[in-house]
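*Asks:* Below is the file query_30.cif, with mmCIF, C-alpha atoms.
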```
data_input
#
loop_
_atom_site.label_atom_id
_atom_site.label_comp_id
_atom_site.auth_asym_id
_atom_site.auth_seq_id
_atom_site.Cartn_x
_atom_site.Cartn_y
_atom_site.Cartn_z
CA MET A 1 -140.53 -63.03 33.15
CA THR A 2 -138.98 -65.71 35.39
CA LEU A 3 -142.39 -67.01 36.38
CA MET A 4 -143.40 -67.30 32.73
CA ILE A 5 -140.29 -69.37 31.98
CA VAL A 6 -141.02 -71.64 34.96
CA ASN A 7 -144.64 -71.91 33.79
CA LEU A 8 -143.43 -72.71 30.27
CA GLY A 9 -141.24 -75.50 31.62
CA CYS A 10 -144.15 -76.93 33.63
CA SER A 11 -146.44 -76.76 30.61
CA LEU A 12 -143.89 -78.62 28.48
CA ILE A 13 -143.49 -81.29 31.17
CA MET A 14 -147.28 -81.69 31.47
CA THR A 15 -147.55 -81.99 27.69
CA ALA A 16 -144.82 -84.63 27.47
CA CYS A 17 -146.12 -86.64 30.44
CA GLY A 18 -149.72 -86.43 29.24
CA LEU A 19 -148.73 -87.67 25.78
CA TRP A 20 -146.62 -90.46 27.26
CA ILE A 21 -149.40 -91.72 29.55
CA LEU A 22 -151.90 -91.31 26.72
CA THR A 23 -150.08 -94.00 24.75
CA GLY A 24 -150.14 -96.53 27.58
CA ARG A 25 -152.68 -99.29 27.09
CA ARG A 26 -152.64 -100.28 30.76
CA MET A 27 -154.53 -97.12 31.70
CA SER A 28 -158.27 -96.97 31.35
CA ARG A 29 -159.83 -95.05 28.52
CA LEU A 30 -161.09 -92.42 30.98
CA VAL A 31 -157.58 -91.77 32.33
CA ARG A 32 -156.24 -91.48 28.79
CA ILE A 33 -158.94 -88.92 27.96
CA PHE A 34 -157.94 -86.87 31.01
CA CYS A 35 -154.28 -87.11 29.97
CA ALA A 36 -155.23 -85.96 26.47
CA LEU A 37 -156.88 -82.88 28.02
CA ILE A 38 -153.74 -82.18 30.05
CA ALA A 39 -151.47 -82.63 27.01
CA THR A 40 -153.68 -80.42 24.85
CA GLY A 41 -153.93 -77.66 27.42
CA GLY A 42 -150.21 -77.84 28.18
CA SER A 43 -149.29 -77.53 24.52
CA VAL A 44 -151.65 -74.55 24.04
CA ASN A 45 -150.09 -72.89 27.08
CA ALA A 46 -146.56 -73.59 25.89
CA LEU A 47 -147.20 -72.26 22.39
CA GLY A 48 -148.86 -69.15 23.81
CA MET A 49 -145.97 -68.45 26.15
CA ILE A 50 -143.42 -68.98 23.38
CA ALA A 51 -145.37 -66.55 21.17
CA ALA A 52 -145.48 -64.00 24.00
CA LEU A 53 -141.76 -64.40 24.74
CA CYS A 54 -140.86 -63.99 21.04
CA ASN A 55 -143.08 -60.89 20.71
CA LEU A 56 -145.14 -62.25 17.83
CA GLY A 57 -147.49 -59.45 16.82
CA ASN A 58 -149.50 -57.98 19.66
CA PHE A 59 -149.90 -61.37 21.32
CA VAL A 60 -150.39 -61.36 25.07
CA TYR A 61 -150.12 -64.52 27.17
CA GLY A 62 -153.50 -63.75 28.73
CA ASP A 63 -155.09 -64.46 25.34
CA ILE A 64 -154.63 -68.21 25.80
CA TRP A 65 -156.61 -68.77 29.00
CA PRO A 66 -158.60 -71.70 27.47
CA GLY A 67 -155.41 -73.76 27.62
CA GLU A 68 -155.24 -73.21 31.37
CA VAL A 69 -158.87 -74.26 31.72
CA ILE A 70 -158.30 -77.46 29.73
CA VAL A 71 -155.25 -78.37 31.84
CA ASN A 72 -157.19 -77.68 35.03
CA ILE A 73 -160.13 -79.83 33.91
CA GLY A 74 -157.86 -82.77 33.08
CA THR A 75 -155.85 -82.46 36.28
CA SER A 76 -158.87 -82.08 38.55
CA ALA A 77 -160.62 -85.02 36.87
CA LEU A 78 -157.58 -87.25 37.41
CA MET A 79 -157.31 -86.15 41.03
CA MET A 80 -161.02 -86.82 41.63
CA ARG A 81 -160.68 -90.28 40.09
CA TRP A 82 -157.62 -91.17 42.16
CA THR A 83 -159.28 -89.82 45.31
CA TRP A 84 -162.38 -91.92 44.58
CA ARG A 85 -160.24 -95.03 44.07
CA THR A 86 -158.35 -94.35 47.31
CA LEU A 87 -161.56 -93.91 49.26
CA ASN A 88 -163.05 -97.10 47.80
CA SER A 89 -159.91 -99.13 48.54
CA GLN A 90 -159.89 -97.86 52.14
CA ARG A 91 -163.55 -98.79 52.56
CA HIS A 92 -162.90 -102.20 51.07
CA VAL A 93 -159.99 -102.86 53.44
CA ALA A 94 -161.88 -101.50 56.47
CA SER A 95 -164.94 -103.64 55.93
CA PRO A 96 -164.85 -107.18 57.34
CA ASN A 97 -164.35 -109.87 54.74
CA PRO A 98 -167.48 -112.06 54.60
CA VAL A 99 -166.40 -115.68 54.43
#
```
If you convert what's in this file into structure tokens, what do you get?

*Replies:*
Amino acid sequence: MTLMIVNLGCSLIMTACGLWILTGRRMSRLVRIFCALIATGGSVNALGMIAALCNLGNFVYGDIWPGEVIVNIGTSALMMRWTWRTLNSQRHVASPNPV
């Protein structure tokens, strides 16, 4: 029960942060798409956990696994992009500057 409440809090934070970053025009379109995936998955998770905590019908939290998958896709895509940018910036700094 405690873990579900912690997970609910994390899902709500991911939803809010994903929606906030999604509205920023300074981010690239690709980053905003990834944030939309995170916000969508987080909201599906949060709604599923709230339904499970409120005992709505025979609803079980395990029924909403697609939300977890969507969050994981968005998060892993952002991490891959940031890792790629970090690697490219390190290569750029390490290479001698042709003058």

*Asks:* Set the distance at 12 Å and use all atoms listed in the file: which residues neighbour Asn58 of chain A once local chain neighbours fewer than 6 positions away are removed? I'd like the list as a PyMOL selection string.

*Replies:* chain A and resi 48+51-52

*Asks:* Measure the distance from atom CA of Val44 of chain A to atom CA of Val71 of chain A in Å and round it to one decimal.

*Replies:*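 Atom CA of Val71 of chain A lies at a distance of 9.4 Å from atom CA of Val44 of chain A.
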
*Asks:* Considering all atoms listed in the file, can you say which of A:Gly57, A:Thr15, A:Ile73, A:Gly24 comes closest to Asn45 of chain A?

*Replies:*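 Result for the nearest residue to Asn45 of chain A: A:Thr15.
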
*Asks:* Nearest to Ile5 of chain A: which of A:Leu19, A:Ala39, A:Leu56, A:Ile50 is it, counting all atoms listed in the file?

*Replies:*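 For Ile5 of chain A, the nearest of the candidates is A:Ile50.
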
*Asks:* I'd like the residues picked by the PyMOL selection byres ((chain A and resi 22) around 10) written out as a PyMOL selection string, using the chain letters and numbers from the file.

*Replies:* chain A and resi 16-21+23-29+31-39

*Asks:* Rounded to one decimal, what separation in Å do you get between atom CA of Cys54 of chain A and atom CA of Met4 of chain A?

*Replies:*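 That distance, rounded to one decimal, is 12.4 Å.
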
*Asks:* Between A:Leu87, A:Leu53, A:Leu30, A:Met14, which has the minimum distance to Gly67 of chain A (counting all atoms listed in the file)?

*Replies:*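 For Gly67 of chain A, the nearest of the given residues is A:Met14.
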
*Asks:* Pick the closest to Val69 of chain A from A:Ile13, A:Val6, A:Thr40, A:Thr83: which is it, counting all atoms listed in the file?

*Replies:*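 Closest to Val69 of chain A of all the choices is A:Thr40.
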
*Asks:* Could you tell me how far atom CA of Thr2 of chain A lies from atom CA of Gly42 of chain A, in Å and to one decimal?

*Replies:* 18.0 Å

*Asks:* My list of candidates is A:Gly41, A:Gln90, A:Leu3, A:Gly9. Which is closest to Ile70 of chain A when distances are computed with only C-alpha atoms?

*Replies:*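 The shortest atom-to-atom distance to Ile70 of chain A comes from A:Gly41.
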
*Asks:* For a cutoff of 6 Å around the file-coordinate point (-146.6, -72.3, 28.0), which residues qualify once you count all atoms listed in the file? I'd like the result as a ChimeraX atom specification.

*Replies:* /A:8,11,45-49

*Asks:* Edge lengths and centre, in Å to one decimal, as JSON: that's what I need for the box along x, y and z that holds all listed atoms of segment 21-36 of chain A plus 5 Å on each side.

*Replies:*
```
{"center_x": -155.2, "center_y": -93.1, "center_z": 28.5, "size_x": 21.7, "size_y": 24.3, "size_z": 17.6}
```
